[in-house]
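Peer 1: Just so it is clear, I am handing over structure01.txt, which has compact mmCIF, C-alpha atoms and all ligand atoms.
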```txt
# COMPACT_ATOMS: atom_id res chain seq x y z
CA MET A 145 -55.62 29.82 38.15
CA ARG A 146 -55.09 33.57 37.89
CA ALA A 147 -57.88 36.07 37.59
CA PRO A 148 -58.00 37.41 34.05
CA ARG A 149 -56.07 40.58 33.30
CA LEU A 150 -58.80 42.87 32.05
CA PRO A 151 -58.30 46.38 30.76
CA ASP A 152 -59.89 48.85 33.19
CA LEU A 153 -62.72 49.90 30.89
CA GLU A 154 -63.70 46.27 30.31
CA ARG A 155 -64.15 45.90 34.03
CA PHE A 156 -66.66 48.75 34.10
CA PRO A 157 -69.02 48.22 31.17
CA GLU A 158 -71.36 50.92 32.44
CA LEU A 159 -68.55 53.52 32.27
CA HIS A 160 -67.42 52.15 28.94
CA ALA A 161 -70.89 52.70 27.49
CA ARG A 162 -71.09 56.24 28.86
CA TRP A 163 -67.67 57.09 27.50
CA ASN A 164 -68.48 55.76 24.04
CA ARG A 165 -71.73 57.70 23.94
CA ARG A 166 -70.10 60.98 25.00
CA THR A 167 -67.20 60.57 22.63
CA PHE A 168 -69.54 59.77 19.78
CA ILE A 169 -71.87 62.70 20.39
CA ARG A 170 -69.10 65.26 20.85
CA SER A 171 -66.93 64.06 18.02
CA ALA A 172 -69.91 63.84 15.67
CA ALA A 173 -70.83 67.43 16.55
CA ALA A 174 -67.30 68.62 16.00
CA GLY A 175 -66.95 66.50 12.89
CA THR A 176 -63.61 65.26 14.12
CA ALA A 177 -62.07 61.82 14.26
CA LEU A 178 -63.07 59.78 17.30
CA VAL A 179 -59.55 58.45 17.81
CA ALA A 180 -57.96 61.89 18.07
CA LEU A 181 -60.56 63.21 20.49
CA GLY A 182 -61.03 60.16 22.69
CA GLY A 183 -58.18 60.85 25.09
CA ALA A 184 -58.90 64.56 25.48
CA LEU A 185 -62.62 64.07 26.07
CA TYR A 186 -61.97 61.32 28.54
CA ARG A 187 -59.72 63.68 30.52
CA LEU A 188 -62.33 66.43 30.28
CA ALA A 189 -64.98 64.15 31.71
CA GLY A 190 -62.57 63.32 34.56
CA ASP A 191 -62.16 67.03 35.26
CA ASP A 192 -65.95 67.32 35.51
CA LEU A 193 -65.93 64.56 38.13
CA THR A 194 -63.17 66.37 40.01
CA ARG A 195 -65.09 69.65 40.00
CA GLN A 196 -68.24 67.92 41.17
CA ALA A 197 -66.43 66.05 43.96
CA ARG A 198 -64.80 69.27 45.18
CA ALA A 199 -68.26 70.69 45.83
CA GLU A 200 -69.34 67.69 47.92
CA THR A 201 -69.11 67.10 51.66
CA ARG A 202 -69.02 63.69 53.31
CA ALA A 203 -71.38 62.57 56.05
CA ASP A 204 -68.51 63.00 58.53
CA GLY A 205 -68.12 66.66 57.51
CA ARG A 206 -64.89 66.23 55.56
CA ARG A 207 -64.63 67.34 51.96
CA ARG A 208 -65.40 64.53 49.55
CA LEU A 209 -62.10 65.08 47.73
CA PRO A 210 -58.94 65.52 49.81
CA PRO A 211 -56.66 68.41 48.79
CA GLY A 212 -54.36 67.85 45.82
CA GLN A 213 -56.41 64.93 44.44
CA ARG A 214 -58.05 64.53 41.04
CA VAL A 215 -60.80 62.03 40.18
CA ILE A 216 -60.26 59.23 37.68
CA ARG A 217 -62.72 56.50 36.78
CA ALA A 218 -60.94 53.25 37.53
CA LEU A 219 -58.00 52.10 39.61
CA ARG A 220 -54.64 52.53 38.00
CA ASP A 221 -52.26 49.58 38.24
CA MET A 222 -49.65 50.84 40.68
CA GLY A 223 -47.56 47.69 40.55
CA GLY A 224 -46.01 45.65 43.35
CA ARG A 225 -44.87 42.03 43.53
CA GLU A 226 -47.89 39.89 42.77
CA GLY A 227 -49.02 37.03 44.96
CA PRO A 228 -50.27 33.74 43.44
CA GLY A 229 -53.66 35.40 42.89
CA ASP A 230 -55.84 32.29 43.13
CA ALA A 231 -58.66 31.67 45.57
CA ARG A 232 -57.80 27.97 45.95
CA SER A 233 -54.45 28.48 47.65
CA PHE A 234 -55.53 31.62 49.50
CA ARG A 235 -55.09 31.67 53.28
CA LEU A 236 -55.51 34.58 55.63
CA ARG A 237 -53.74 34.44 58.98
CA VAL A 238 -55.27 36.49 61.78
CA HIS A 239 -52.65 36.54 64.51
CA GLY A 240 -50.34 38.48 66.83
CA ALA A 241 -51.61 40.00 70.07
CA VAL A 242 -54.81 37.96 70.12
CA ARG A 243 -56.26 35.27 72.37
CA THR A 244 -57.31 32.97 69.49
CA PRO A 245 -55.22 33.21 66.34
CA PHE A 246 -56.83 31.55 63.34
CA GLU A 247 -56.46 30.99 59.62
CA LEU A 248 -59.18 31.27 56.98
CA ASP A 249 -59.36 29.87 53.49
CA TYR A 250 -61.36 31.65 50.78
CA ALA A 251 -64.59 29.70 51.37
CA GLU A 252 -64.39 30.35 55.10
CA LEU A 253 -63.88 34.05 54.50
CA LEU A 254 -67.04 34.12 52.37
CA ARG A 255 -69.04 32.35 55.08
CA LEU A 256 -68.41 35.15 57.59
CA PRO A 257 -70.84 38.09 57.83
CA GLN A 258 -70.26 40.24 54.76
CA LEU A 259 -69.91 43.95 54.34
CA GLU A 260 -70.77 45.67 51.06
CA GLN A 261 -70.41 49.43 50.87
CA ALA A 262 -69.28 52.30 48.72
CA ALA A 263 -65.88 53.78 49.46
CA ASP A 264 -63.52 56.35 47.97
CA VAL A 265 -59.80 55.63 47.60
CA HIS A 266 -57.00 58.18 47.30
CA CYS A 267 -53.58 57.37 45.87
CA VAL A 268 -50.66 59.45 47.13
CA THR A 269 -49.67 60.14 43.51
CA GLY A 270 -52.78 62.33 43.21
CA TRP A 271 -55.61 60.24 41.78
CA SER A 272 -58.82 59.25 43.55
CA VAL A 273 -61.49 56.72 42.57
CA LEU A 274 -64.81 57.59 44.15
CA GLY A 275 -67.87 55.56 45.07
CA SER A 276 -66.85 52.07 44.05
CA VAL A 277 -68.72 49.33 45.88
CA TRP A 278 -66.37 47.12 47.88
CA LYS A 279 -67.39 43.77 49.34
CA GLY A 280 -65.62 41.76 51.99
CA VAL A 281 -65.31 41.13 55.70
CA ALA A 282 -64.81 43.91 58.23
CA VAL A 283 -61.39 43.93 59.92
CA ALA A 284 -63.36 44.71 63.10
CA LEU A 285 -65.15 41.36 62.80
CA LEU A 286 -61.87 39.47 62.41
CA ALA A 287 -60.51 41.37 65.43
CA GLU A 288 -63.51 40.36 67.49
CA LYS A 289 -63.28 36.72 66.39
CA ALA A 290 -59.57 36.59 67.31
CA GLY A 291 -60.08 38.31 70.66
CA VAL A 292 -57.60 41.15 70.32
CA ARG A 293 -55.68 41.74 73.53
CA ALA A 294 -56.25 45.02 75.38
CA GLU A 295 -52.64 46.10 74.87
CA ALA A 296 -52.76 45.85 71.03
CA ARG A 297 -52.50 49.28 69.36
CA HIS A 298 -51.71 48.67 65.68
CA VAL A 299 -52.60 46.35 62.83
CA ILE A 300 -50.04 45.10 60.33
CA PHE A 301 -51.55 44.14 56.98
CA GLU A 302 -49.28 41.42 55.56
CA ALA A 303 -49.07 40.59 51.88
CA ALA A 304 -47.20 38.39 49.41
CA HIS A 305 -43.39 38.69 49.27
CA GLY A 306 -43.17 40.49 52.60
CA TYR A 307 -45.10 43.69 51.75
CA THR A 308 -46.56 45.15 54.92
CA THR A 309 -48.39 48.29 55.92
CA ASN A 310 -49.23 49.51 59.42
CA VAL A 311 -52.49 51.09 60.55
CA ALA A 312 -53.53 52.23 64.03
CA LEU A 313 -55.97 49.74 65.59
CA ALA A 314 -58.83 52.26 65.79
CA GLU A 315 -58.51 53.09 62.07
CA ALA A 316 -58.02 49.50 60.96
CA THR A 317 -61.18 48.48 62.83
CA ALA A 318 -63.25 51.50 61.71
CA PRO A 319 -66.49 50.53 59.90
CA ALA A 320 -65.08 51.20 56.42
CA ALA A 321 -61.96 49.01 56.78
CA MET A 322 -62.24 45.51 55.36
CA VAL A 323 -60.63 42.51 53.79
CA ALA A 324 -62.09 42.85 50.29
CA TYR A 325 -62.62 40.32 47.48
CA ARG A 326 -65.02 42.20 45.18
CA MET A 327 -65.05 45.66 43.69
CA ASN A 328 -68.16 46.77 41.82
CA GLY A 329 -69.34 43.17 41.89
CA ARG A 330 -66.22 41.77 40.25
CA PRO A 331 -63.23 39.83 41.57
CA PHE A 332 -59.96 41.78 41.51
CA PRO A 333 -57.74 41.28 38.48
CA ILE A 334 -54.32 40.02 39.55
CA GLN A 335 -52.67 43.44 39.30
CA HIS A 336 -55.19 44.90 41.74
CA GLY A 337 -54.62 42.29 44.45
CA ALA A 338 -56.50 39.06 43.63
CA PRO A 339 -57.98 37.26 45.32
CA VAL A 340 -58.16 39.44 48.45
CA ARG A 341 -56.82 42.85 49.39
CA GLY A 342 -57.04 45.12 52.41
CA LEU A 343 -59.13 48.27 52.16
CA VAL A 344 -58.57 51.22 54.50
CA PRO A 345 -60.27 53.90 52.42
CA ASP A 346 -59.70 56.91 54.67
CA LEU A 347 -55.90 56.60 54.49
CA TYR A 348 -53.77 56.90 51.34
CA PHE A 349 -54.16 53.82 49.16
CA TRP A 350 -50.75 52.28 49.90
CA LYS A 351 -52.34 51.32 53.25
CA SER A 352 -54.66 48.99 51.27
CA ALA A 353 -52.44 45.93 50.80
CA LYS A 354 -52.94 43.89 47.64
CA TRP A 355 -52.44 40.07 47.66
CA LEU A 356 -53.24 40.03 51.37
CA THR A 357 -51.97 37.09 53.46
CA GLY A 358 -52.35 38.21 57.06
CA ILE A 359 -53.76 40.58 59.62
CA ARG A 360 -51.44 40.89 62.60
CA PHE A 361 -52.30 42.80 65.76
CA VAL A 362 -49.32 44.34 67.53
CA VAL A 363 -48.56 46.29 70.69
CA LYS A 364 -45.64 48.21 69.21
CA ASP A 365 -45.94 49.97 65.85
CA GLU A 366 -44.02 48.50 62.88
CA PRO A 367 -43.69 50.89 59.94
CA GLY A 368 -44.29 48.95 56.71
CA TYR A 369 -42.80 48.77 53.22
CA TRP A 370 -43.55 52.34 52.09
CA GLU A 371 -43.50 53.79 55.58
CA VAL A 372 -39.80 52.93 55.97
CA ARG A 373 -39.12 54.36 52.49
CA GLY A 374 -40.10 57.92 53.27
CA TYR A 375 -43.87 57.81 53.17
CA HIS A 376 -45.89 59.08 56.10
CA ASN A 377 -46.55 56.67 58.95
CA HIS A 378 -50.19 57.75 59.32
CA ALA A 379 -51.16 58.81 55.75
CA ASP A 380 -54.27 60.95 56.24
CA PRO A 381 -55.20 62.34 52.78
CA TRP A 382 -57.11 65.31 54.26
CA ALA A 383 -54.00 66.40 56.15
CA GLU A 384 -51.88 65.57 53.06
CA GLU A 385 -49.69 63.27 55.11
CA ARG A 386 -47.83 62.07 52.03
CA TYR A 387 -44.22 61.94 53.16
CA GLY A 388 -42.77 61.22 56.58
N1 LIG A 401 -48.90 43.86 48.34
C1 LIG A 401 -48.85 45.13 47.89
N2 LIG A 401 -49.87 45.93 48.13
C2 LIG A 401 -49.86 47.21 47.71
C3 LIG A 401 -48.75 47.73 47.01
C4 LIG A 401 -47.67 46.85 46.77
O1 LIG A 401 -46.63 47.23 46.18
N3 LIG A 401 -47.75 45.56 47.22
N4 LIG A 401 -48.75 49.03 46.59
C5 LIG A 401 -49.64 49.95 47.31
C6 LIG A 401 -49.76 51.22 46.62
S1 LIG A 401 -48.41 52.24 46.69
C7 LIG A 401 -50.94 51.61 46.07
S2 LIG A 401 -51.12 53.21 45.48
C8 LIG A 401 -52.06 50.69 45.90
C9 LIG A 401 -52.38 50.61 44.42
O2 LIG A 401 -53.40 49.70 44.17
P1 LIG A 401 -53.84 49.44 42.67
O3 LIG A 401 -52.62 49.00 41.91
O4 LIG A 401 -54.91 48.41 42.75
O5 LIG A 401 -54.36 50.77 42.15
O6 LIG A 401 -51.79 49.41 46.39
C10 LIG A 401 -51.02 49.36 47.56
N5 LIG A 401 -50.94 47.99 47.97
MO MO A 402 -48.92 54.19 45.76
```
Could you quickly redo this structure as structure tokens?
Peer 2:
Amino acid sequence: MRAPRLPDLERFPELHARWNRRTFIRSAAAGTALVALGGALYRLAGDDLTRQARAETRADGRRRLPPGQRVIRALRDMGGREGPGDARSFRLRVHGAVRTPFELDYAELLRLPQLEQAADVHCVTGWSVLGSVWKGVAVALLAEKAGVRAEARHVIFEAAHGYTTNVALAEATAPAAMVAYRMNGRPFPIQHGAPVRGLVPDLYFWKSAKWLTGIRFVVKDEPGYWEVRGYHNHADPWAEERYG
């Protein structure tokens, strides 16, 4: 019961259509073969997006595009050890320094108040995907439901096969942080974290755990999978906190 593995462009028919139209118009004008030009024009269009994003400012006053980033259209598959990927066996444990630990299945997650909002994500390798619409449940809501103890300071996002990533409580419960199960109206393909992944958009994307299994509140910080392998413990893209 795995989500289908779809090529990125298939997952974004609206971008696919735009790309085809551009490629057709430009290659027809140049009288050149579509196949030869496709890759170059696609990159060119990405550079346009990068230029445009560099000129933008966010509502919070930060630049839309963090330094050293370049805009691409769709998430790249950055790998990792996949979880089972199916909604039927999915469970999310909300636990740790809380008064009322609980577990949710997929249907229960969908019955909670939902959040649907646009967010930008920034991979430490230098690509950013801007303005995708992410849907899920706010980590803040789960924290409130569990009754996080006053002494808790960090959140550990737990995923399949022991992958973890640590986020300061304030950032993990910021309005943009969620447990997500839709991106641009579609379920995640397995390689992007099906059925549910974390989303902490204002930190580098390794802080957004795919194949999520748990949200654990802790008093003492616990550097996660990449954080113990030389990546920055905090990971603020605007401060270029790439390596620790
Ligand atoms: N469970 C899990 N989550 C993970 C990873 C992983 O290896 N395992 N890799 C992280 C890294 S390094 C990045 S850049 C993003 C990539 O997400 P994507 O493959 O959907 O683009 O997922 C993050 N979440
Ligand atoms: Mo990454």
Peer 1: Determine, counting all atoms listed in the file, which protein, DNA and RNA residues have an atom within 6 Å of an atom of stretch 195-210 of chain A; residues of the same chain fewer than 3 positions away are not included. Present the result as an MDAnalysis selection string.
Peer 2: chainID A and resid 192 213 381:382
Peer 1: Store the residues picked out above in a file with C-alpha atoms, as a tab-separated table (two decimals), keeping the file's coordinate frame.
Peer 2:
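Output file out.tsv is given in full below:
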```tsv
chain	number	residue	atom	x	y	z
A	192	ASP	CA	-65.95	67.32	35.51
A	213	GLN	CA	-56.41	64.93	44.44
A	381	PRO	CA	-55.20	62.34	52.78
A	382	TRP	CA	-57.11	65.31	54.26
```
Peer 1: Could you pull out the residues sitting within 6 Å of ligand LIG 401 (chain A), using only C-alpha atoms and all ligand atoms, and write them as a PyMOL selection string?
Peer 2: chain A and resi 219-225+267+303-304+307+336+349-350+352-355
Peer 1: May I ask which of the residues A:Leu285, A:Val265, A:Val277, A:Ala290 is the closest one to ligand MO 402 (chain A), counting all atoms listed in the file?
Peer 2: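 Using all atoms listed in the file, the shortest distance to ligand MO 402 (chain A) belongs to A:Val265.
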Peer 1: Which of these, A:Val372, A:Ala316, A:Val362, A:Ala241, has the shortest distance to A:Gly291 once you count only C-alpha atoms?
Peer 2: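 Going through A:Val372, A:Ala316, A:Val362, A:Ala241 one by one, the smallest distance to A:Gly291 is for A:Ala241.
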Peer 1: When distances are computed from all atoms listed in the file, which of A:Ala318, A:Thr269, A:Ala282, A:His376 shows the smallest separation from ligand MO 402 (chain A)?
Peer 2: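 For ligand MO 402 (chain A), the nearest of the candidates is A:Thr269.
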Peer 1: Using only C-alpha atoms, which protein or nucleic acid residues come within 8 Å of A:Arg232? Drop anything in the same chain fewer than 2 positions from it, and give the result as an MDAnalysis selection string.
Peer 2: chainID A and resid 230 234 249:250
Peer 1: Given all atoms listed in the file as the basis, pick out the residue of A:Gly190, A:Pro345, A:Gly280, A:Gly388 nearest to A:Val323.
Peer 2: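 Once distances to A:Val323 are computed over all atoms listed in the file, the minimum belongs to A:Gly280.
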Peer 1: I'd like to know which of A:Glu226, A:Glu252, A:Asp365, A:Glu260 is closest to A:Met322, using all atoms listed in the file.
Peer 2: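 For A:Met322, the nearest of the given residues is A:Glu260.
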Peer 1: Tell me which of A:Ala263, A:Leu248, A:Val268, A:Ala321 sits closest to ligand MO 402 (chain A), counting only C-alpha atoms and all ligand atoms.
Peer 2: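 The closest residue to ligand MO 402 (chain A) is A:Val268.
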Peer 1: Find the spatial neighbours of A:Pro257, counting all atoms listed in the file, within a cut-off of 7 Å - ignore same-chain residues fewer than 2 positions away - and output them as a VMD selection string.
Peer 2: chain A and resid 255 259 281
Peer 1: So the first atom is atom CA of A:Ala383 and the second is atom CA of A:Phe301; what is the distance between them in Å, to one decimal place?
Peer 2: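 About the pair atom CA of A:Ala383 and atom CA of A:Phe301: they are 22.4 Å apart.
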Peer 1: With only C-alpha atoms as the counted atoms, please give the residues lying no more than 12 Å from A:Arg373, apart from itself and same-chain residues fewer than 2 positions off, as a PDB file with C-alpha atoms, in the frame of the given file.
Peer 2:
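Produced file result39.pdb, reproduced below:
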```pdb
ATOM      1  CA  THR A 309     -48.390  48.290  55.920  1.00  0.00           C
ATOM      2  CA  PRO A 367     -43.690  50.890  59.940  1.00  0.00           C
ATOM      3  CA  GLY A 368     -44.290  48.950  56.710  1.00  0.00           C
ATOM      4  CA  TYR A 369     -42.800  48.770  53.220  1.00  0.00           C
ATOM      5  CA  TRP A 370     -43.550  52.340  52.090  1.00  0.00           C
ATOM      6  CA  GLU A 371     -43.500  53.790  55.580  1.00  0.00           C
ATOM      7  CA  TYR A 375     -43.870  57.810  53.170  1.00  0.00           C
ATOM      8  CA  HIS A 376     -45.890  59.080  56.100  1.00  0.00           C
ATOM      9  CA  ASN A 377     -46.550  56.670  58.950  1.00  0.00           C
ATOM     10  CA  ARG A 386     -47.830  62.070  52.030  1.00  0.00           C
ATOM     11  CA  TYR A 387     -44.220  61.940  53.160  1.00  0.00           C
ATOM     12  CA  GLY A 388     -42.770  61.220  56.580  1.00  0.00           C
TER      13      GLY A 388
END
```
Peer 1: To one decimal place in Å, what is the distance between atom CA of A:Leu256 and atom CA of A:Ser276?
Peer 2: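 It comes out at 21.7 Å.
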Peer 1: Hey, can you check how far atom CA of A:Ala231 sits from atom CA of A:His266?
Peer 2: 26.6 Å
